[in-house]
>>> print(open('entry01.cif').read())   # mmCIF, C-alpha atoms; chains and numbers go by the auth columns
data_input
loop_
_atom_site.group_PDB
_atom_site.id
_atom_site.type_symbol
_atom_site.label_atom_id
_atom_site.label_comp_id
_atom_site.label_asym_id
_atom_site.label_seq_id
_atom_site.Cartn_x
_atom_site.Cartn_y
_atom_site.Cartn_z
_atom_site.B_iso_or_equiv
_atom_site.auth_seq_id
_atom_site.auth_asym_id
ATOM 1 C CA ALA A 1 32.606 -52.443 6.972 0.00 1 A
ATOM 2 C CA ALA A 2 32.288 -51.940 3.227 0.00 2 A
ATOM 3 C CA ILE A 3 35.357 -52.690 1.113 0.00 3 A
ATOM 4 C CA LEU A 4 35.449 -51.514 -2.508 0.00 4 A
ATOM 5 C CA LEU A 5 37.796 -53.438 -4.768 0.00 5 A
ATOM 6 C CA GLY A 6 38.351 -53.016 -8.485 0.00 6 A
ATOM 7 C CA GLY A 7 41.196 -52.465 -10.920 0.00 7 A
ATOM 8 C CA GLY A 8 43.795 -49.939 -9.744 0.00 8 A
ATOM 9 C CA GLU A 9 47.239 -49.465 -8.275 0.00 9 A
ATOM 10 C CA LYS A 10 48.690 -50.318 -4.887 0.00 10 A
ATOM 11 C CA LYS A 11 51.433 -48.303 -3.213 0.00 11 A
ATOM 12 C CA GLU A 12 52.980 -48.514 0.225 0.00 12 A
ATOM 13 C CA ASP A 13 53.720 -45.532 2.430 0.00 13 A
ATOM 14 C CA SER A 14 56.593 -45.265 4.876 0.00 14 A
ATOM 15 C CA SER A 15 54.632 -47.061 7.602 0.00 15 A
ATOM 16 C CA GLY A 16 54.235 -50.192 5.479 0.00 16 A
ATOM 17 C CA THR A 17 50.535 -49.610 4.980 0.00 17 A
ATOM 18 C CA ALA A 18 49.246 -50.575 1.530 0.00 18 A
ATOM 19 C CA LEU A 19 47.252 -47.713 0.068 0.00 19 A
ATOM 20 C CA LEU A 20 44.690 -48.714 -2.536 0.00 20 A
ATOM 21 C CA GLN A 21 44.539 -46.164 -5.330 0.00 21 A
ATOM 22 C CA GLY A 22 42.506 -45.817 -8.508 0.00 22 A
ATOM 23 C CA ASN A 23 38.937 -47.112 -8.278 0.00 23 A
ATOM 24 C CA MET A 24 39.547 -49.020 -5.044 0.00 24 A
ATOM 25 C CA GLY A 25 38.651 -47.917 -1.535 0.00 25 A
ATOM 26 C CA LEU A 26 39.774 -48.422 2.065 0.00 26 A
ATOM 27 C CA PHE A 27 43.233 -49.415 3.196 0.00 27 A
ATOM 28 C CA GLN A 28 44.627 -52.326 5.151 0.00 28 A
ATOM 29 C CA THR A 29 48.022 -53.501 6.400 0.00 29 A
ATOM 30 C CA ALA A 30 50.353 -55.062 3.854 0.00 30 A
ATOM 31 C CA ASP A 31 51.502 -58.579 4.692 0.00 31 A
ATOM 32 C CA ASN A 32 55.183 -57.722 5.070 0.00 32 A
ATOM 33 C CA GLY A 33 55.177 -56.943 8.802 0.00 33 A
ATOM 34 C CA ASN A 34 55.957 -53.687 10.619 0.00 34 A
ATOM 35 C CA GLU A 35 55.921 -52.124 14.075 0.00 35 A
ATOM 36 C CA ALA A 36 52.299 -51.055 13.752 0.00 36 A
ATOM 37 C CA GLU A 37 51.069 -54.575 12.983 0.00 37 A
ATOM 38 C CA ALA A 38 49.441 -55.220 16.373 0.00 38 A
ATOM 39 C CA GLU A 39 47.626 -51.896 16.295 0.00 39 A
ATOM 40 C CA ASN A 40 46.409 -52.548 12.752 0.00 40 A
ATOM 41 C CA VAL A 41 45.146 -56.009 13.701 0.00 41 A
ATOM 42 C CA GLN A 42 43.131 -54.479 16.542 0.00 42 A
ATOM 43 C CA GLU A 43 41.715 -51.877 14.174 0.00 43 A
ATOM 44 C CA GLU A 44 40.862 -54.588 11.634 0.00 44 A
ATOM 45 C CA GLU A 45 39.068 -56.554 14.344 0.00 45 A
ATOM 46 C CA LYS A 46 36.864 -53.535 15.086 0.00 46 A
ATOM 47 C CA LEU A 47 36.086 -52.996 11.409 0.00 47 A
ATOM 48 C CA LEU A 48 35.671 -56.565 10.237 0.00 48 A
ATOM 49 C CA GLY A 49 34.209 -58.275 13.301 0.00 49 A
ATOM 50 C CA GLY A 50 36.415 -61.352 13.245 0.00 50 A
ATOM 51 C CA ALA A 51 36.988 -61.502 9.502 0.00 51 A
ATOM 52 C CA ASN A 52 40.463 -60.860 8.097 0.00 52 A
ATOM 53 C CA LEU A 53 41.706 -58.943 5.054 0.00 53 A
ATOM 54 C CA THR A 54 45.183 -59.590 3.647 0.00 54 A
ATOM 55 C CA LEU A 55 46.511 -57.433 0.817 0.00 55 A
ATOM 56 C CA LEU A 56 49.456 -59.403 -0.524 0.00 56 A
ATOM 57 C CA ALA A 57 52.740 -57.733 -1.376 0.00 57 A
ATOM 58 C CA ASN A 58 53.955 -57.972 -4.960 0.00 58 A
ATOM 59 C CA GLN A 59 56.720 -60.521 -5.564 0.00 59 A
ATOM 60 C CA SER A 60 58.177 -58.733 -8.600 0.00 60 A
ATOM 61 C CA ASN A 61 58.567 -55.132 -9.746 0.00 61 A
ATOM 62 C CA SER A 62 55.137 -55.206 -11.362 0.00 62 A
ATOM 63 C CA GLN A 63 52.113 -53.494 -9.868 0.00 63 A
ATOM 64 C CA MET A 64 49.284 -55.939 -9.178 0.00 64 A
ATOM 65 C CA LEU A 65 46.222 -56.608 -7.033 0.00 65 A
ATOM 66 C CA SER A 66 45.956 -59.633 -4.782 0.00 66 A
ATOM 67 C CA ALA A 67 43.559 -59.561 -1.827 0.00 67 A
ATOM 68 C CA VAL A 68 42.375 -62.405 0.387 0.00 68 A
ATOM 69 C CA ILE A 69 39.420 -62.065 2.757 0.00 69 A
ATOM 70 C CA GLN A 70 38.731 -64.770 5.316 0.00 70 A
ATOM 71 C CA THR A 71 35.315 -64.649 6.944 0.00 71 A
ATOM 72 C CA LYS A 72 34.955 -65.157 10.675 0.00 72 A
ATOM 73 C CA ASN A 73 33.677 -68.668 9.845 0.00 73 A
ATOM 74 C CA GLY A 74 36.725 -69.484 7.721 0.00 74 A
ATOM 75 C CA GLY A 75 35.374 -68.938 4.202 0.00 75 A
ATOM 76 C CA LEU A 76 37.845 -67.533 1.670 0.00 76 A
ATOM 77 C CA ILE A 77 37.308 -64.791 -0.914 0.00 77 A
ATOM 78 C CA VAL A 78 40.097 -63.833 -3.320 0.00 78 A
ATOM 79 C CA VAL A 79 40.178 -60.695 -5.462 0.00 79 A
ATOM 80 C CA ASP A 80 42.321 -61.134 -8.609 0.00 80 A
ATOM 81 C CA GLY A 81 45.602 -62.639 -7.336 0.00 81 A
ATOM 82 C CA GLY A 82 48.417 -60.843 -9.126 0.00 82 A
ATOM 83 C CA THR A 83 50.984 -61.812 -11.766 0.00 83 A
ATOM 84 C CA PRO A 84 52.478 -65.271 -12.438 0.00 84 A
ATOM 85 C CA HIS A 85 55.403 -64.199 -10.213 0.00 85 A
ATOM 86 C CA ASP A 86 52.944 -63.831 -7.308 0.00 86 A
ATOM 87 C CA THR A 87 51.576 -67.374 -7.625 0.00 87 A
ATOM 88 C CA ASP A 88 53.696 -69.150 -5.018 0.00 88 A
ATOM 89 C CA HIS A 89 53.130 -66.470 -2.378 0.00 89 A
ATOM 90 C CA LEU A 90 49.380 -66.550 -3.024 0.00 90 A
ATOM 91 C CA VAL A 91 49.291 -70.358 -2.881 0.00 91 A
ATOM 92 C CA GLU A 92 51.219 -70.331 0.404 0.00 92 A
ATOM 93 C CA THR A 93 48.778 -67.795 1.843 0.00 93 A
ATOM 94 C CA LEU A 94 45.702 -69.741 0.719 0.00 94 A
ATOM 95 C CA LYS A 95 47.012 -73.055 2.013 0.00 95 A
ATOM 96 C CA ALA A 96 47.710 -71.467 5.398 0.00 96 A
ATOM 97 C CA LYS A 97 44.024 -70.478 5.484 0.00 97 A
ATOM 98 C CA GLY A 98 42.691 -73.918 4.517 0.00 98 A
ATOM 99 C CA GLY A 99 43.126 -73.883 0.735 0.00 99 A
ATOM 100 C CA HIS A 100 39.433 -73.833 -0.271 0.00 100 A
ATOM 101 C CA VAL A 101 38.349 -70.644 -2.066 0.00 101 A
ATOM 102 C CA ASN A 102 34.601 -70.058 -1.890 0.00 102 A
ATOM 103 C CA ALA A 103 34.552 -67.065 -4.250 0.00 103 A
ATOM 104 C CA TRP A 104 37.274 -65.807 -6.574 0.00 104 A
ATOM 105 C CA LEU A 105 36.441 -62.322 -7.880 0.00 105 A
ATOM 106 C CA ILE A 106 38.026 -61.070 -11.102 0.00 106 A
ATOM 107 C CA THR A 107 38.112 -57.339 -11.836 0.00 107 A
ATOM 108 C CA HIS A 108 39.633 -57.569 -15.341 0.00 108 A
ATOM 109 C CA PRO A 109 41.876 -59.960 -17.278 0.00 109 A
ATOM 110 C CA HIS A 110 45.227 -58.172 -17.358 0.00 110 A
ATOM 111 C CA ILE A 111 48.181 -60.374 -16.452 0.00 111 A
ATOM 112 C CA ASP A 112 48.868 -58.374 -13.253 0.00 112 A
ATOM 113 C CA HIS A 113 45.397 -59.351 -12.036 0.00 113 A
ATOM 114 C CA VAL A 114 44.714 -62.867 -13.426 0.00 114 A
ATOM 115 C CA GLY A 115 48.267 -64.145 -13.955 0.00 115 A
ATOM 116 C CA ALA A 116 48.469 -65.992 -10.628 0.00 116 A
ATOM 117 C CA LEU A 117 45.043 -67.621 -10.961 0.00 117 A
ATOM 118 C CA ASN A 118 45.848 -68.591 -14.537 0.00 118 A
ATOM 119 C CA THR A 119 49.061 -70.255 -13.323 0.00 119 A
ATOM 120 C CA ILE A 120 47.257 -72.065 -10.496 0.00 120 A
ATOM 121 C CA LEU A 121 44.738 -73.436 -12.992 0.00 121 A
ATOM 122 C CA ALA A 122 47.339 -74.375 -15.594 0.00 122 A
ATOM 123 C CA ARG A 123 49.499 -76.341 -13.197 0.00 123 A
ATOM 124 C CA GLU A 124 46.498 -77.853 -11.406 0.00 124 A
ATOM 125 C CA GLU A 125 47.819 -76.729 -8.039 0.00 125 A
ATOM 126 C CA GLN A 126 47.473 -79.399 -5.356 0.00 126 A
ATOM 127 C CA GLY A 127 45.950 -78.278 -2.068 0.00 127 A
ATOM 128 C CA ILE A 128 43.924 -75.453 -3.626 0.00 128 A
ATOM 129 C CA THR A 129 40.243 -75.922 -4.479 0.00 129 A
ATOM 130 C CA ILE A 130 38.118 -73.242 -6.132 0.00 130 A
ATOM 131 C CA GLU A 131 34.366 -73.364 -5.668 0.00 131 A
ATOM 132 C CA ASN A 132 33.306 -70.310 -7.720 0.00 132 A
ATOM 133 C CA VAL A 133 34.910 -67.748 -10.033 0.00 133 A
ATOM 134 C CA TYR A 134 33.049 -64.511 -10.824 0.00 134 A
ATOM 135 C CA TYR A 135 33.881 -62.271 -13.793 0.00 135 A
ATOM 136 C CA SER A 136 32.450 -60.125 -16.588 0.00 136 A
ATOM 137 C CA LEU A 137 34.572 -60.120 -19.737 0.00 137 A
ATOM 138 C CA GLY A 138 34.084 -58.444 -23.082 0.00 138 A
ATOM 139 C CA PRO A 139 33.990 -60.522 -26.270 0.00 139 A
ATOM 140 C CA LEU A 140 37.377 -61.539 -27.654 0.00 140 A
ATOM 141 C CA SER A 141 36.498 -59.857 -30.935 0.00 141 A
ATOM 142 C CA PHE A 142 36.314 -56.517 -29.088 0.00 142 A
ATOM 143 C CA TYR A 143 39.618 -57.034 -27.273 0.00 143 A
ATOM 144 C CA LYS A 144 41.319 -58.009 -30.548 0.00 144 A
ATOM 145 C CA LYS A 145 40.302 -54.687 -32.077 0.00 145 A
ATOM 146 C CA THR A 146 41.326 -52.546 -29.118 0.00 146 A
ATOM 147 C CA SER A 147 44.191 -54.306 -27.300 0.00 147 A
ATOM 148 C CA SER A 148 47.713 -55.548 -27.932 0.00 148 A
ATOM 149 C CA ALA A 149 48.292 -59.082 -29.168 0.00 149 A
ATOM 150 C CA SER A 150 50.065 -59.987 -25.911 0.00 150 A
ATOM 151 C CA ASP A 151 47.123 -58.788 -23.798 0.00 151 A
ATOM 152 C CA VAL A 152 44.645 -60.665 -25.997 0.00 152 A
ATOM 153 C CA ALA A 153 46.749 -63.833 -25.643 0.00 153 A
ATOM 154 C CA VAL A 154 46.481 -63.559 -21.853 0.00 154 A
ATOM 155 C CA VAL A 155 42.686 -63.269 -22.069 0.00 155 A
ATOM 156 C CA GLU A 156 42.424 -66.213 -24.468 0.00 156 A
ATOM 157 C CA ASN A 157 44.627 -68.416 -22.300 0.00 157 A
ATOM 158 C CA PHE A 158 42.780 -67.414 -19.142 0.00 158 A
ATOM 159 C CA MET A 159 39.374 -68.192 -20.649 0.00 159 A
ATOM 160 C CA LYS A 160 40.656 -71.548 -21.917 0.00 160 A
ATOM 161 C CA ASN A 161 42.023 -72.533 -18.499 0.00 161 A
ATOM 162 C CA LEU A 162 38.782 -71.529 -16.778 0.00 162 A
ATOM 163 C CA GLU A 163 36.795 -73.760 -19.129 0.00 163 A
ATOM 164 C CA ASP A 164 39.280 -76.652 -19.149 0.00 164 A
ATOM 165 C CA LYS A 165 40.254 -76.778 -15.483 0.00 165 A
ATOM 166 C CA LEU A 166 37.047 -75.934 -13.600 0.00 166 A
ATOM 167 C CA PRO A 167 33.552 -77.441 -13.789 0.00 167 A
ATOM 168 C CA ALA A 168 30.927 -75.389 -15.609 0.00 168 A
ATOM 169 C CA GLU A 169 28.956 -74.808 -12.407 0.00 169 A
ATOM 170 C CA ALA A 170 31.973 -73.003 -10.883 0.00 170 A
ATOM 171 C CA LEU A 171 32.072 -70.387 -13.649 0.00 171 A
ATOM 172 C CA HIS A 172 29.982 -67.248 -13.275 0.00 172 A
ATOM 173 C CA GLY A 173 30.789 -65.081 -16.263 0.00 173 A
ATOM 174 C CA ASP A 174 27.273 -63.687 -16.360 0.00 174 A
ATOM 175 C CA ILE A 175 27.425 -61.347 -13.374 0.00 175 A
ATOM 176 C CA LYS A 176 25.623 -58.033 -13.786 0.00 176 A
ATOM 177 C CA LYS A 177 25.187 -54.793 -11.874 0.00 177 A
ATOM 178 C CA ASP A 178 23.574 -55.568 -8.482 0.00 178 A
ATOM 179 C CA THR A 179 24.367 -59.304 -8.633 0.00 179 A
ATOM 180 C CA GLN A 180 24.869 -60.441 -5.026 0.00 180 A
ATOM 181 C CA ILE A 181 27.234 -63.170 -3.883 0.00 181 A
ATOM 182 C CA GLN A 182 27.218 -64.499 -0.330 0.00 182 A
ATOM 183 C CA VAL A 183 30.043 -66.259 1.493 0.00 183 A
ATOM 184 C CA ASP A 184 29.069 -67.006 5.084 0.00 184 A
ATOM 185 C CA ASP A 185 27.955 -63.624 6.481 0.00 185 A
ATOM 186 C CA VAL A 186 29.839 -61.597 3.852 0.00 186 A
ATOM 187 C CA VAL A 187 27.727 -60.071 1.069 0.00 187 A
ATOM 188 C CA ILE A 188 29.422 -59.075 -2.189 0.00 188 A
ATOM 189 C CA THR A 189 27.598 -56.738 -4.582 0.00 189 A
ATOM 190 C CA VAL A 190 28.663 -56.290 -8.199 0.00 190 A
ATOM 191 C CA LEU A 191 28.619 -52.550 -8.938 0.00 191 A
ATOM 192 C CA ASN A 192 28.901 -52.715 -12.742 0.00 192 A
ATOM 193 C CA GLU A 193 29.241 -54.963 -15.756 0.00 193 A
ATOM 194 C CA HIS A 194 32.420 -54.643 -17.822 0.00 194 A
ATOM 195 C CA PHE A 195 32.765 -51.472 -19.844 0.00 195 A
ATOM 196 C CA GLU A 196 33.842 -51.387 -23.485 0.00 196 A
ATOM 197 C CA PHE A 197 36.180 -48.470 -24.201 0.00 197 A
ATOM 198 C CA ASP A 198 38.437 -48.156 -27.223 0.00 198 A
ATOM 199 C CA THR A 199 41.344 -46.905 -25.096 0.00 199 A
ATOM 200 C CA ASP A 200 43.221 -49.383 -22.875 0.00 200 A
ATOM 201 C CA ALA A 201 40.197 -51.611 -23.315 0.00 201 A
ATOM 202 C CA ILE A 202 41.090 -54.508 -21.036 0.00 202 A
ATOM 203 C CA ASN A 203 42.130 -52.343 -18.096 0.00 203 A
ATOM 204 C CA ASN A 204 39.156 -50.037 -18.522 0.00 204 A
ATOM 205 C CA SER A 205 36.720 -52.938 -18.624 0.00 205 A
ATOM 206 C CA SER A 206 37.149 -53.453 -14.870 0.00 206 A
ATOM 207 C CA VAL A 207 34.366 -54.652 -12.610 0.00 207 A
ATOM 208 C CA CYS A 208 34.117 -53.167 -9.115 0.00 208 A
ATOM 209 C CA TYR A 209 32.841 -55.181 -6.156 0.00 209 A
ATOM 210 C CA MET A 210 31.481 -53.887 -2.848 0.00 210 A
ATOM 211 C CA ILE A 211 32.194 -56.391 -0.092 0.00 211 A
ATOM 212 C CA ASN A 212 30.143 -55.941 3.062 0.00 212 A
ATOM 213 C CA VAL A 213 31.790 -57.525 6.077 0.00 213 A
ATOM 214 C CA ASN A 214 30.405 -57.419 9.601 0.00 214 A
ATOM 215 C CA GLY A 215 27.196 -55.664 8.520 0.00 215 A
#
>>> encode(input="entry01.cif", output="structure tokens")
Amino acid sequence: AAILLGGGEKKEDSSGTALLQGNMGLFQTADNGNEAEAENVQEEEKLLGGANLTLLANQSNSQMLSAVIQTKNGGLIVVDGGTPHDTDHLVETLKAKGGHVNAWLITHPHIDHVGALNTILAREEQGITIENVYYSLGPLSFYKKTSSASDVAVVENFMKNLEDKLPAEALHGDIKKDTQIQVDDVVITVLNEHFEFDTDAINNSSVCYMINVNG
């Protein structure tokens, strides 16, 4: 199964299914429980061959993206993570799955995407280890010309925490189109480098990842 994840919006329909909108593809069951859960788990098993995809529910009124993929061998892949308000829920989810993140994929550095990871790094969360973080960011000088001061402050703080809290070998800010990342039998392909647009620059600089699970 191929899963496309990038910056975008998440909405839930009346069945409790999280629909990925914008430049994201596929849909999976939200982690808030519903009558169709068993059926969705069976469907996920067919698609993902023993791997598991959890699209976390937002813990505030803000839109966000927070996805956790666990390979059939137990490896963990996180996409973005959500806002600072989503941190505790994400930490709880990761710890329940072992707590070691093999690959953390960043689409773009808006607070509703990197806020939770930034908080985890800042407070040096116990029980969570991060092996690799993948991202493609524009230069701060570009963001300062095209984005609000509050958005630029988030990017600056995020970059500082990455450099201060993780070893250099864990940081992969040089990903390019067609870069491949492997976690167990899951192959992740980077579909683009960040874009540089003058309008809504940080949001529109998003990287999209194709995640191939179960062939």
>>> closest_residue(input="entry01.cif", among="A:Asp185, A:Asp164, A:Asp86, A:Glu131", to="Ala116 of chain A", atoms="only C-alpha atoms")
A:Asp86
>>> atom_distance(input="entry01.cif", atom1="atom CA of Gly115 of chain A", atom2="atom CA of Ile175 of chain A")
21.0 Å
>>> resolve_selection(input="entry01.cif", expression="the PyMOL selection byres ((chain A and resi 180) around 12)", output="ChimeraX atom specification")
/A:103,134,172,175-179,181-183,186-192,209-212
>>> resolve_selection(input="entry01.cif", expression="the PyMOL selection byres ((chain A and resi 68-73) around 9)", output="list in words")
Leu48, Gly49, Gly50, Ala51, Asn52, Leu53, Thr54, Leu55, Leu56, Ser66, Ala67, Gly74, Gly75, Leu76, Ile77, Val78, Val79, Gly81, Leu90, Thr93, Leu94, Lys97, Val183, Asp184, Asp185, Val186 and Val213 of chain A
>>> atom_distance(input="entry01.cif", atom1="atom CA of Phe197 of chain A", atom2="atom CA of Thr119 of chain A")
27.5 Å
>>> closest_residue(input="entry01.cif", among="A:Leu121, A:Leu137, A:Ile128, A:Ile106", to="Lys160 of chain A", atoms="only C-alpha atoms")
A:Leu121
>>> closest_residue(input="entry01.cif", among="A:Thr199, A:Asn157, A:Ser136, A:Gln59", to="Ala122 of chain A", atoms="all atoms listed in the file")
A:Asn157
>>> closest_residue(input="entry01.cif", among="A:Met64, A:Ala201, A:Val133, A:Cys208", to="Ser148 of chain A", atoms="only C-alpha atoms")
A:Ala201
>>> closest_residue(input="entry01.cif", among="A:Met159, A:Tyr143, A:Val91, A:Ser60", to="Asn204 of chain A", atoms="all atoms listed in the file")
A:Tyr143
>>> closest_residue(input="entry01.cif", among="A:Ala96, A:Leu162, A:Ala149, A:Val154", to="Ile120 of chain A", atoms="all atoms listed in the file")
A:Leu162
>>> residues_around(input="entry01.cif", residues="Asn132 of chain A", least_positions_apart="3", cutoff="8 Å", atoms="only C-alpha atoms", output="VMD selection string")
chain A and resid 101 to 104 169 to 172
>>> residues_near_point(input="entry01.cif", point="(50.4, -61.1, -12.4)", cutoff="6 Å", atoms="all atoms listed in the file", output="list in words")
Gly82, Thr83, Pro84, Ile111, Asp112, His113, Gly115 and Ala116 of chain A
>>> write_last_selection(input="entry01.cif", atoms="C-alpha atoms", output="PDB file, in the frame of the given file")
ATOM      1  CA  GLY A  82      48.417 -60.843  -9.126  1.00  0.00           C
ATOM      2  CA  THR A  83      50.984 -61.812 -11.766  1.00  0.00           C
ATOM      3  CA  PRO A  84      52.478 -65.271 -12.438  1.00  0.00           C
ATOM      4  CA  ILE A 111      48.181 -60.374 -16.452  1.00  0.00           C
ATOM      5  CA  ASP A 112      48.868 -58.374 -13.253  1.00  0.00           C
ATOM      6  CA  HIS A 113      45.397 -59.351 -12.036  1.00  0.00           C
ATOM      7  CA  GLY A 115      48.267 -64.145 -13.955  1.00  0.00           C
ATOM      8  CA  ALA A 116      48.469 -65.992 -10.628  1.00  0.00           C
TER       9      ALA A 116
END
>>> atom_distance(input="entry01.cif", atom1="atom CA of Val155 of chain A", atom2="atom CA of Leu140 of chain A")
7.9 Å
